[in-house]
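Source file: my_file_28.cif; contents: mmCIF, C-alpha atoms.
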data_upload
#
loop_
_atom_site.label_atom_id
_atom_site.label_comp_id
_atom_site.auth_asym_id
_atom_site.auth_seq_id
_atom_site.Cartn_x
_atom_site.Cartn_y
_atom_site.Cartn_z
CA MET A 166 164.61 112.12 -118.36
CA HIS A 167 164.73 112.74 -114.63
CA PHE A 168 165.29 109.48 -112.75
CA LYS A 169 163.16 109.90 -109.62
CA ARG A 170 163.65 106.56 -107.83
CA LYS A 171 164.37 102.94 -108.61
CA LEU A 172 161.24 100.80 -108.39
CA PRO A 173 161.18 97.30 -106.88
CA VAL A 174 161.60 94.55 -109.46
CA PRO A 175 158.66 92.15 -109.91
CA LYS A 176 160.27 89.45 -107.76
CA GLU A 177 160.48 91.87 -104.84
CA ILE A 178 156.86 92.98 -105.22
CA LYS A 179 155.73 89.34 -105.40
CA GLU A 180 157.64 88.58 -102.20
CA GLN A 181 156.03 91.55 -100.44
CA TYR A 182 152.53 90.72 -101.74
CA PRO A 183 152.57 86.95 -102.32
CA LEU A 184 149.82 84.63 -103.50
CA THR A 185 148.77 81.99 -101.01
CA ALA A 186 149.03 78.35 -101.99
CA GLU A 187 145.23 78.15 -102.11
CA LEU A 188 144.90 81.11 -104.48
CA SER A 189 147.61 79.65 -106.71
CA ARG A 190 145.68 76.38 -106.80
CA ILE A 191 142.45 78.14 -107.79
CA LYS A 192 144.26 80.14 -110.45
CA ASN A 193 145.96 77.06 -111.92
CA GLU A 194 142.67 75.16 -112.07
CA ARG A 195 141.07 78.08 -113.92
CA ASP A 196 144.04 78.24 -116.30
CA ALA A 197 143.50 74.61 -117.31
CA ILE A 198 139.77 75.13 -117.87
CA ILE A 199 140.36 78.24 -119.98
CA ALA A 200 143.15 76.58 -122.00
CA ASP A 201 140.75 73.77 -122.92
CA VAL A 202 138.52 76.32 -124.68
CA PHE A 203 141.36 77.54 -126.88
CA THR A 204 142.66 74.07 -127.72
CA GLY A 205 139.17 72.85 -128.58
CA ALA A 206 139.00 70.34 -125.72
CA SER A 207 136.01 72.27 -124.31
CA GLU A 208 132.99 73.65 -126.17
CA LYS A 209 132.44 76.42 -123.64
CA LYS A 210 132.95 80.05 -124.59
CA VAL A 211 134.89 82.68 -122.65
CA LEU A 212 133.76 86.22 -121.94
CA ILE A 213 136.47 88.74 -121.13
CA ILE A 214 134.14 91.23 -119.55
CA GLY A 215 134.40 94.29 -117.36
CA PRO A 216 135.14 98.01 -117.21
CA CYS A 217 137.09 99.85 -119.87
CA SER A 218 139.52 100.75 -117.08
CA ALA A 219 139.81 99.59 -113.47
CA ASP A 220 139.82 103.03 -111.89
CA ARG A 221 138.87 102.23 -108.27
CA GLU A 222 139.18 99.05 -106.25
CA ASP A 223 135.86 99.15 -104.39
CA ALA A 224 133.71 99.40 -107.52
CA VAL A 225 135.78 96.80 -109.39
CA LEU A 226 135.47 94.32 -106.51
CA ASP A 227 131.72 94.98 -106.33
CA TYR A 228 131.42 94.34 -110.07
CA CYS A 229 133.51 91.16 -109.94
CA GLY A 230 131.49 89.87 -107.00
CA ARG A 231 128.33 90.20 -109.08
CA LEU A 232 130.12 88.53 -111.98
CA ALA A 233 131.08 85.58 -109.75
CA ARG A 234 127.44 85.04 -108.78
CA LEU A 235 126.46 85.23 -112.45
CA GLN A 236 129.21 82.73 -113.30
CA GLU A 237 127.47 80.12 -111.16
CA LYS A 238 124.32 80.45 -113.27
CA VAL A 239 126.07 79.98 -116.63
CA ALA A 240 128.92 77.66 -115.64
CA ASP A 241 127.79 74.91 -118.02
CA LYS A 242 128.22 77.21 -121.06
CA LEU A 243 130.50 80.14 -120.22
CA ILE A 244 133.74 81.02 -118.43
CA LEU A 245 133.73 84.62 -117.22
CA ILE A 246 137.09 86.38 -117.01
CA PRO A 247 136.89 89.84 -115.42
CA ARG A 248 138.56 92.65 -117.35
CA VAL A 249 140.74 94.38 -114.77
CA TYR A 250 142.56 96.76 -117.08
CA THR A 251 145.14 98.75 -115.13
CA ASN A 252 146.94 100.38 -118.08
CA LYS A 253 145.25 102.56 -120.69
CA PRO A 254 146.84 103.51 -124.02
CA ARG A 255 146.38 107.19 -124.84
CA THR A 256 146.57 108.12 -128.52
CA THR A 257 148.07 111.55 -127.82
CA GLY A 258 149.72 110.64 -124.51
CA GLU A 259 147.28 112.86 -122.61
CA GLY A 260 144.63 111.78 -120.12
CA TYR A 261 144.22 109.08 -117.50
CA LYS A 262 146.72 106.27 -118.14
CA GLY A 263 145.26 103.79 -115.68
CA LEU A 264 145.68 102.54 -112.14
CA LEU A 265 149.35 101.71 -112.65
CA HIS A 266 150.13 105.38 -113.27
CA GLN A 267 147.53 107.01 -111.07
CA PRO A 268 146.15 104.91 -108.19
CA ASN A 269 143.96 107.94 -107.56
CA PRO A 270 142.77 109.42 -110.88
CA GLU A 271 142.40 112.84 -109.23
CA LYS A 272 146.00 112.96 -107.99
CA ASP A 273 149.44 113.01 -109.60
CA ALA A 274 151.10 109.89 -110.96
CA ASP A 275 152.76 107.60 -108.41
CA MET A 276 154.32 104.58 -110.05
CA LEU A 277 155.46 102.86 -106.85
CA GLU A 278 151.99 103.03 -105.34
CA GLY A 279 150.62 102.06 -108.75
CA VAL A 280 152.64 98.84 -108.95
CA ILE A 281 151.39 97.88 -105.49
CA ALA A 282 147.81 98.90 -106.31
CA ILE A 283 147.53 96.78 -109.46
CA ARG A 284 148.91 93.68 -107.73
CA ARG A 285 146.62 94.21 -104.75
CA LEU A 286 143.55 94.63 -106.97
CA HIS A 287 144.13 91.54 -109.10
CA THR A 288 144.90 89.52 -105.95
CA ASN A 289 141.79 90.74 -104.15
CA VAL A 290 139.54 89.88 -107.10
CA LEU A 291 140.88 86.32 -107.07
CA ALA A 292 140.65 86.03 -103.27
CA GLU A 293 137.14 87.46 -102.93
CA THR A 294 135.48 85.98 -106.03
CA GLY A 295 137.53 82.98 -107.17
CA LEU A 296 137.77 84.55 -110.63
CA SER A 297 141.21 85.04 -112.16
CA THR A 298 141.55 88.14 -114.29
CA ALA A 299 142.51 89.68 -117.64
CA ASP A 300 144.65 92.73 -118.26
CA GLU A 301 146.19 94.43 -121.28
CA MET A 302 149.96 94.13 -121.74
CA LEU A 303 150.57 97.73 -122.66
CA TYR A 304 154.12 97.70 -121.28
CA PRO A 305 155.82 94.28 -121.65
CA ASP A 306 158.35 95.02 -118.89
CA ASN A 307 155.51 95.35 -116.37
CA TYR A 308 153.88 91.99 -117.14
CA ARG A 309 155.96 90.16 -114.53
CA TYR A 310 154.36 92.13 -111.69
CA LEU A 311 151.15 90.17 -112.46
CA SER A 312 152.43 87.04 -114.20
CA ASP A 313 151.28 84.70 -111.41
CA LEU A 314 147.80 86.26 -111.34
CA LEU A 315 146.55 86.78 -114.87
CA ALA A 316 144.32 84.26 -116.64
CA TYR A 317 144.29 86.18 -119.92
CA VAL A 318 146.47 88.82 -121.56
CA ALA A 319 145.49 91.16 -124.40
CA VAL A 320 147.84 92.95 -126.80
CA GLY A 321 146.20 96.08 -128.14
CA ALA A 322 145.74 97.37 -131.67
CA ARG A 323 148.57 99.90 -131.31
CA SER A 324 150.98 97.35 -129.78
CA VAL A 325 150.41 94.31 -131.97
CA GLU A 326 153.17 95.23 -134.45
CA ASN A 327 155.73 95.74 -131.69
CA GLN A 328 158.45 93.10 -131.56
CA GLU A 329 158.84 93.23 -127.78
CA HIS A 330 155.15 92.50 -127.26
CA ARG A 331 155.33 89.55 -129.64
CA LEU A 332 158.42 88.04 -128.03
CA THR A 333 157.14 88.55 -124.49
CA ALA A 334 153.84 86.90 -125.47
CA SER A 335 155.83 83.83 -126.55
CA GLY A 336 156.90 83.40 -122.92
CA ILE A 337 153.44 83.71 -121.35
CA ALA A 338 151.71 80.53 -120.17
CA VAL A 339 148.09 81.72 -120.56
CA PRO A 340 146.08 82.78 -123.64
CA VAL A 341 147.31 85.99 -125.26
CA GLY A 342 144.89 87.75 -127.60
CA MET A 343 146.42 89.74 -130.45
CA LYS A 344 144.11 92.48 -131.74
CA ASN A 345 144.01 93.48 -135.36
CA PRO A 346 145.80 96.83 -135.84
CA THR A 347 143.82 100.04 -136.24
CA SER A 348 144.45 99.77 -140.00
CA GLY A 349 142.51 96.48 -140.07
CA ASP A 350 145.29 94.52 -141.79
CA ILE A 351 144.78 90.98 -140.49
CA SER A 352 148.16 89.84 -141.87
CA VAL A 353 149.80 91.98 -139.17
CA MET A 354 147.72 90.24 -136.49
CA LEU A 355 148.45 86.77 -137.89
CA ASN A 356 152.19 87.51 -138.06
CA SER A 357 152.02 88.58 -134.42
CA ILE A 358 150.30 85.30 -133.49
CA LEU A 359 152.91 83.34 -135.46
CA ALA A 360 155.74 85.13 -133.61
CA ALA A 361 154.08 84.51 -130.24
CA GLN A 362 153.63 80.81 -130.96
CA ARG A 363 157.33 80.29 -131.74
CA GLN A 364 160.41 79.95 -129.51
CA HIS A 365 162.68 82.97 -129.05
CA THR A 366 165.80 84.22 -127.29
CA PHE A 367 165.89 87.93 -126.43
CA ILE A 368 166.68 90.53 -123.76
CA TYR A 369 163.95 91.07 -121.18
CA ARG A 370 164.29 93.19 -118.03
CA GLY A 371 168.10 93.02 -118.40
CA TRP A 372 168.15 89.23 -118.75
CA GLU A 373 168.88 86.96 -121.69
CA VAL A 374 165.74 84.82 -121.77
CA GLU A 375 164.50 81.87 -123.79
CA THR A 376 160.85 81.10 -124.44
CA THR A 377 159.09 77.92 -125.52
CA GLY A 378 156.34 79.63 -127.53
CA ASN A 379 152.69 80.16 -126.60
CA GLU A 380 150.32 77.82 -128.44
CA LEU A 381 147.37 79.74 -126.92
CA ALA A 382 148.17 83.01 -128.72
CA HIS A 383 145.15 83.92 -130.86
CA ALA A 384 143.25 86.61 -132.74
CA ILE A 385 140.97 89.37 -131.52
CA LEU A 386 138.85 91.22 -134.10
CA ARG A 387 138.07 94.71 -132.83
CA GLY A 388 137.18 96.58 -136.05
CA TYR A 389 139.35 99.26 -137.62
CA VAL A 390 139.28 102.75 -139.11
CA ASN A 391 139.57 103.69 -142.78
CA ARG A 392 141.65 106.53 -144.19
CA HIS A 393 138.87 108.97 -143.32
CA GLY A 394 138.91 107.91 -139.68
CA GLU A 395 135.54 106.16 -139.94
CA ALA A 396 134.96 102.99 -137.89
CA ILE A 397 134.61 99.79 -139.94
CA PRO A 398 133.44 96.58 -138.23
CA ASN A 399 135.05 93.21 -138.95
CA TYR A 400 132.83 90.77 -137.04
CA HIS A 401 130.50 89.92 -139.95
CA PHE A 402 130.20 86.43 -141.44
CA GLU A 403 132.38 87.09 -144.50
CA GLU A 404 135.16 88.69 -142.43
CA MET A 405 135.30 85.71 -140.08
CA GLU A 406 135.28 83.19 -142.93
CA HIS A 407 138.17 85.09 -144.50
CA LEU A 408 140.05 85.08 -141.20
CA TYR A 409 139.56 81.33 -140.79
CA ASN A 410 141.00 80.66 -144.26
CA ALA A 411 143.95 82.99 -143.66
CA TYR A 412 144.55 81.38 -140.26
CA GLU A 413 144.56 77.91 -141.81
CA ALA A 414 146.88 78.95 -144.64
CA LYS A 415 149.35 80.31 -142.08
CA GLY A 416 149.60 76.92 -140.36
CA LEU A 417 149.00 78.32 -136.88
CA ASP A 418 148.16 76.27 -133.79
CA ASN A 419 144.70 76.26 -132.23
CA ILE A 420 142.72 78.47 -134.63
CA SER A 421 140.92 80.77 -132.19
CA LEU A 422 139.11 84.10 -132.25
CA ILE A 423 137.75 86.43 -129.62
CA VAL A 424 135.38 89.09 -130.99
CA ASP A 425 135.71 92.49 -129.32
CA ALA A 426 132.14 93.79 -129.35
CA ASN A 427 133.11 97.41 -128.67
CA HIS A 428 135.76 99.78 -130.07
CA SER A 429 135.59 100.08 -133.87
CA ASN A 430 133.23 97.11 -134.16
CA SER A 431 130.55 99.15 -132.43
CA ALA A 432 131.96 102.55 -133.45
CA LYS A 433 132.08 103.01 -129.64
CA LYS A 434 128.28 102.84 -129.54
CA TYR A 435 128.54 100.69 -126.43
CA TRP A 436 124.85 99.77 -126.41
CA GLU A 437 125.40 97.85 -129.68
CA GLN A 438 127.52 95.19 -127.94
CA PRO A 439 124.62 92.79 -127.20
CA ARG A 440 123.46 92.91 -130.84
CA ILE A 441 127.00 92.27 -132.10
CA CYS A 442 127.48 89.25 -129.83
CA LYS A 443 124.19 87.77 -130.98
CA GLU A 444 125.01 88.34 -134.64
CA VAL A 445 128.32 86.50 -134.23
CA LEU A 446 126.55 83.58 -132.56
CA HIS A 447 124.10 83.54 -135.47
CA SER A 448 127.07 83.25 -137.85
CA CYS A 449 128.38 80.35 -135.75
CA ARG A 450 125.19 78.43 -136.44
CA HIS A 451 125.73 78.77 -140.21
CA SER A 452 129.41 77.80 -140.43
CA ASP A 453 131.27 74.96 -138.75
CA ASN A 454 134.54 76.84 -139.34
CA ILE A 455 133.31 79.96 -137.58
CA GLN A 456 131.73 77.89 -134.81
CA SER A 457 135.02 76.13 -134.09
CA MET A 458 137.07 79.34 -134.34
CA VAL A 459 135.00 81.71 -132.18
CA LYS A 460 135.98 81.11 -128.57
CA GLY A 461 134.12 84.03 -127.04
CA PHE A 462 133.79 87.78 -126.68
CA MET A 463 135.38 90.84 -125.17
CA ILE A 464 132.74 93.14 -123.66
CA GLU A 465 133.04 96.52 -121.93
CA SER A 466 130.67 96.59 -118.98
CA TYR A 467 130.48 98.22 -115.54
CA LEU A 468 127.98 98.86 -112.76
CA GLU A 469 126.58 102.02 -114.33
CA GLU A 470 125.87 102.66 -118.01
CA GLY A 471 127.92 105.17 -120.02
CA SER A 472 130.91 107.17 -118.85
CA GLN A 473 131.78 110.24 -116.80
CA LYS A 474 134.57 112.77 -116.46
CA ILE A 475 137.20 112.36 -113.75
CA GLY A 476 135.97 114.01 -110.59
CA GLU A 477 132.24 113.51 -111.16
CA GLY A 478 132.35 110.72 -108.57
CA VAL A 479 129.63 108.36 -109.83
CA TYR A 480 130.33 104.98 -108.24
CA GLY A 481 130.88 102.21 -110.79
CA LYS A 482 130.75 104.43 -113.90
CA SER A 483 133.62 104.40 -116.40
CA ILE A 484 136.02 107.35 -116.55
CA THR A 485 137.33 106.23 -119.95
CA ASP A 486 135.22 104.62 -122.72
CA PRO A 487 131.49 104.17 -121.99
CA CYS A 488 130.23 100.73 -120.96
CA ILE A 489 126.93 98.90 -120.72
CA GLY A 490 125.52 98.86 -117.18
CA TRP A 491 124.95 95.90 -114.88
CA THR A 492 121.33 95.22 -115.83
CA ALA A 493 122.25 94.98 -119.52
CA THR A 494 125.34 92.94 -118.64
CA GLU A 495 123.41 90.34 -116.69
CA ARG A 496 120.85 89.99 -119.47
CA LEU A 497 123.55 89.74 -122.17
CA VAL A 498 125.52 87.03 -120.36
CA GLN A 499 122.39 84.95 -119.85
CA ASP A 500 121.33 85.49 -123.49
CA ILE A 501 124.72 84.34 -124.77
CA ALA A 502 124.54 81.22 -122.61
CA GLU A 503 121.09 80.40 -123.99
CA LEU A 504 122.16 80.96 -127.61
CA ILE A 505 125.24 78.71 -127.49
#
Mind turning the file's structure into structure tokens?
Amino acid sequence: MHFKRKLPVPKEIKEQYPLTAELSRIKNERDAIIADVFTGASEKKVLIIGPCSADREDAVLDYCGRLARLQEKVADKLILIPRVYTNKPRTTGEGYKGLLHQPNPEKDADMLEGVIAIRRLHTNVLAETGLSTADEMLYPDNYRYLSDLLAYVAVGARSVENQEHRLTASGIAVPVGMKNPTSGDISVMLNSILAAQRQHTFIYRGWEVETTGNELAHAILRGYVNRHGEAIPNYHFEEMEHLYNAYEAKGLDNISLIVDANHSNSAKKYWEQPRICKEVLHSCRHSDNIQSMVKGFMIESYLEEGSQKIGEGVYGKSITDPCIGWTATERLVQDIAELI
């Protein structure tokens, strides 16, 4: 390891790029509304929706602005939380790792500029649209750079077994979604939720910290792969009934599920996401348990349909996994609102 430079700690970055009192108020109000969905106090659903990766600020702000206008139309049924994913897990370690690493995907990594860029982007989304955001906690140490901004945190399929992710999640005050692992073993996911809902003492960023537990930690079903590497969905009626029973047997708080409509559930056939959402809502109508458990969906969507290679320069088109475009997004959100 070559130690290039010491980066500012989260407190220093927050002092340099602070939230105004008004933005904090908006964020806190949204937090309470979203929490009510996961505790069952509200019958609304949440949609964690947006690009696979937030690769450029202008297109992400454009997308979130459209999402804010759409939110007004469906406010009686849905809460829209923009996916502003600034870290990307890479299976082999190669490829674009997200805005945190490369503020410009066509240039070399710059972690200092990256830390500033991710805070600026999440802040600007909140300031310009009134929508607080979601991001994936790929690196638990980095969470504090955004802890006063995020409305929702996801722990990915490759991270859900990691003890540091579980303990850090126990000290987060907003909903944390735990994905099933790539193997599909839901006991791993439920153990992760159990750990996140309990109190812990551990070392974090060089400090001895205590947490009170996160009662809003919950499950995300994203499909899995079998031993042959084939994608297997787990959003069907029987799978969700099984999850509800396992959840109940575990004695967990606030039985909640977000269904990830892409990844292995769609076999990365991104255009299948609308059908998958509608099938889950159909299951909700046939089971009170599923209806009470399903709190919403995770959807990969951007301005332009599909994906592109880095350097092709198509505005609002994903440079990682392909997404549905805006026209399909707008129709899907309105369809979900009508079907609830």
Option closest in space to Arg309 in chain A, from A:Lys434, A:Lys176, A:Lys344, A:Arg255 [counting all atoms listed in the file]: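 Under the stated criterion, the closest residue is A:Lys176.
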Expansion of the PyMOL selection byres ((chain A and resi 421) around 8) into residues, as number ranges by chain: A: 203, 383-384, 419-420, 422-423, 457-460
Output check: residues returned by the PyMOL selection byres ((chain A and resi 504) around 10), as an MDAnalysis selection string: chainID A and resid 242 443 446:447 450 499:503 505
Kindly provide the residues of range 230-314 of chain A that approach range 489-494 of chain A to within 10 Å, each paired with its closest atom pair and their distance in Å to one decimal, based on all atoms listed in the file, listed by chain and increasing number, as a Markdown table.
| residue | atom | partner | partner_atom | distance |
| --- | --- | --- | --- | --- |
| A:Arg231 | CA | A:Trp491 | CA | 8.8 |
| A:Leu232 | CA | A:Thr494 | CA | 9.3 |
| A:Leu235 | CA | A:Thr494 | CA | 10.0 |
Take the selection from the previous step and output its residues with C-alpha atoms, as an mmCIF file, keeping the file's coordinate frame.
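The resulting file, part11.cif, is shown below:
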data_model
loop_
_atom_site.group_PDB
_atom_site.id
_atom_site.type_symbol
_atom_site.label_atom_id
_atom_site.label_comp_id
_atom_site.auth_asym_id
_atom_site.auth_seq_id
_atom_site.Cartn_x
_atom_site.Cartn_y
_atom_site.Cartn_z
ATOM 1 C CA ARG A 231 128.330 90.200 -109.080
ATOM 2 C CA LEU A 232 130.120 88.530 -111.980
ATOM 3 C CA LEU A 235 126.460 85.230 -112.450
#
Residues near Pro173 in chain A, cut-off 12 Å, only C-alpha atoms, skip fewer than 4 positions along chain, as an MDAnalysis selection string: chainID A and resid 177:181 276:281 307 309:310
If you keep C-alpha atoms, can you produce a file of those selected residues as a CSV table (one decimal), keeping the file's coordinate frame?
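Saved to again-v8.csv:
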chain,number,residue,atom,x,y,z
A,177,GLU,CA,160.5,91.9,-104.8
A,178,ILE,CA,156.9,93.0,-105.2
A,179,LYS,CA,155.7,89.3,-105.4
A,180,GLU,CA,157.6,88.6,-102.2
A,181,GLN,CA,156.0,91.6,-100.4
A,276,MET,CA,154.3,104.6,-110.0
A,277,LEU,CA,155.5,102.9,-106.8
A,278,GLU,CA,152.0,103.0,-105.3
A,279,GLY,CA,150.6,102.1,-108.8
A,280,VAL,CA,152.6,98.8,-109.0
A,281,ILE,CA,151.4,97.9,-105.5
A,307,ASN,CA,155.5,95.4,-116.4
A,309,ARG,CA,156.0,90.2,-114.5
A,310,TYR,CA,154.4,92.1,-111.7
Write out as a short mmCIF file (atom, residue, chain, number, x, y, z; two decimals) with C-alpha atoms, keeping the file's coordinate frame which residues come within 12 Å of His407 in chain A when counting only C-alpha atoms, dropping same-chain ones fewer than 6 positions away.
data_model
loop_
_atom_site.label_atom_id
_atom_site.label_comp_id
_atom_site.auth_asym_id
_atom_site.auth_seq_id
_atom_site.Cartn_x
_atom_site.Cartn_y
_atom_site.Cartn_z
CA ILE A 351 144.78 90.98 -140.49
CA SER A 352 148.16 89.84 -141.87
CA ASN A 399 135.05 93.21 -138.95
CA TYR A 400 132.83 90.77 -137.04
CA HIS A 401 130.50 89.92 -139.95
CA GLU A 413 144.56 77.91 -141.81
CA ALA A 414 146.88 78.95 -144.64
CA ASN A 454 134.54 76.84 -139.34
CA ILE A 455 133.31 79.96 -137.58
CA MET A 458 137.07 79.34 -134.34
#
Point-to-point distance in Å for CA of Thr366 in chain A and CA of Glu329 in chain A: 11.4 Å
Which residue of A:Tyr369, A:Tyr308, A:Val225, A:Lys415 approaches Met354 in chain A most closely, using all atoms listed in the file: A:Lys415
Pairwise distance for CA of Arg331 in chain A and CA of Gly215 in chain A, rounded to one decimal in Å: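 For CA of Arg331 in chain A relative to CA of Gly215 in chain A, the distance reads 24.7 Å.
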Gap from CA of Ile358 in chain A to CA of Val249 in chain A - Å, one decimal: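 Pair CA of Ile358 in chain A / CA of Val249 in chain A returns 22.9 Å.
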Final all heavy atoms of range 264-272 of chain A as a compact mmCIF listing (two decimals), in the coordinates of the input:
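This is the output file part-v1.txt:
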# COMPACT_ATOMS: atom_id res chain seq x y z
N LEU A 264 145.36 102.71 -113.55
CA LEU A 264 145.68 102.54 -112.14
C LEU A 264 147.18 102.43 -111.90
O LEU A 264 147.67 102.89 -110.86
CB LEU A 264 144.97 101.29 -111.62
CG LEU A 264 144.87 101.08 -110.12
CD1 LEU A 264 143.92 102.09 -109.50
CD2 LEU A 264 144.39 99.66 -109.81
N LEU A 265 147.91 101.83 -112.82
CA LEU A 265 149.35 101.71 -112.65
C LEU A 265 150.00 103.09 -112.52
O LEU A 265 150.89 103.28 -111.69
CB LEU A 265 149.96 100.96 -113.84
CG LEU A 265 151.48 100.87 -113.86
CD1 LEU A 265 152.00 100.05 -112.70
CD2 LEU A 265 151.98 100.29 -115.17
N HIS A 266 149.55 104.03 -113.32
CA HIS A 266 150.13 105.38 -113.27
C HIS A 266 149.53 106.22 -112.15
O HIS A 266 150.26 106.92 -111.44
CB HIS A 266 149.89 106.10 -114.61
CG HIS A 266 150.76 105.62 -115.72
ND1 HIS A 266 151.87 106.30 -116.15
CD2 HIS A 266 150.69 104.50 -116.49
CE1 HIS A 266 152.45 105.64 -117.13
NE2 HIS A 266 151.74 104.54 -117.36
N GLN A 267 148.22 106.15 -112.03
CA GLN A 267 147.53 107.01 -111.07
C GLN A 267 146.58 106.16 -110.21
O GLN A 267 145.43 105.95 -110.59
CB GLN A 267 146.71 108.07 -111.79
CG GLN A 267 147.55 109.16 -112.45
CD GLN A 267 146.65 110.09 -113.26
OE1 GLN A 267 146.43 109.84 -114.45
NE2 GLN A 267 146.13 111.13 -112.63
N PRO A 268 147.05 105.66 -109.08
CA PRO A 268 146.15 104.91 -108.19
C PRO A 268 144.93 105.72 -107.79
O PRO A 268 143.86 105.16 -107.56
CB PRO A 268 147.04 104.60 -106.98
CG PRO A 268 148.43 104.65 -107.51
CD PRO A 268 148.42 105.70 -108.58
N ASN A 269 145.09 107.03 -107.74
CA ASN A 269 143.96 107.94 -107.56
C ASN A 269 143.88 108.82 -108.79
O ASN A 269 144.77 109.65 -109.02
CB ASN A 269 144.14 108.79 -106.30
CG ASN A 269 142.93 109.66 -106.00
OD1 ASN A 269 142.20 110.08 -106.91
ND2 ASN A 269 142.70 109.96 -104.73
N PRO A 270 142.84 108.66 -109.62
CA PRO A 270 142.77 109.42 -110.88
C PRO A 270 142.77 110.94 -110.69
O PRO A 270 143.05 111.68 -111.64
CB PRO A 270 141.44 108.96 -111.49
CG PRO A 270 141.16 107.65 -110.86
CD PRO A 270 141.71 107.74 -109.47
N GLU A 271 142.46 111.40 -109.48
CA GLU A 271 142.40 112.84 -109.23
C GLU A 271 143.70 113.39 -108.66
O GLU A 271 143.79 114.58 -108.35
CB GLU A 271 141.22 113.15 -108.29
CG GLU A 271 139.88 112.78 -108.89
CD GLU A 271 138.73 113.17 -107.98
OE1 GLU A 271 138.72 114.32 -107.51
OE2 GLU A 271 137.84 112.33 -107.75
N LYS A 272 144.71 112.52 -108.52
CA LYS A 272 146.00 112.96 -107.99
C LYS A 272 147.10 112.70 -109.02
O LYS A 272 146.87 112.11 -110.06
CB LYS A 272 146.31 112.22 -106.68
CG LYS A 272 145.36 112.58 -105.54
CD LYS A 272 145.77 111.89 -104.25
CE LYS A 272 144.84 112.28 -103.10
NZ LYS A 272 145.24 111.59 -101.84
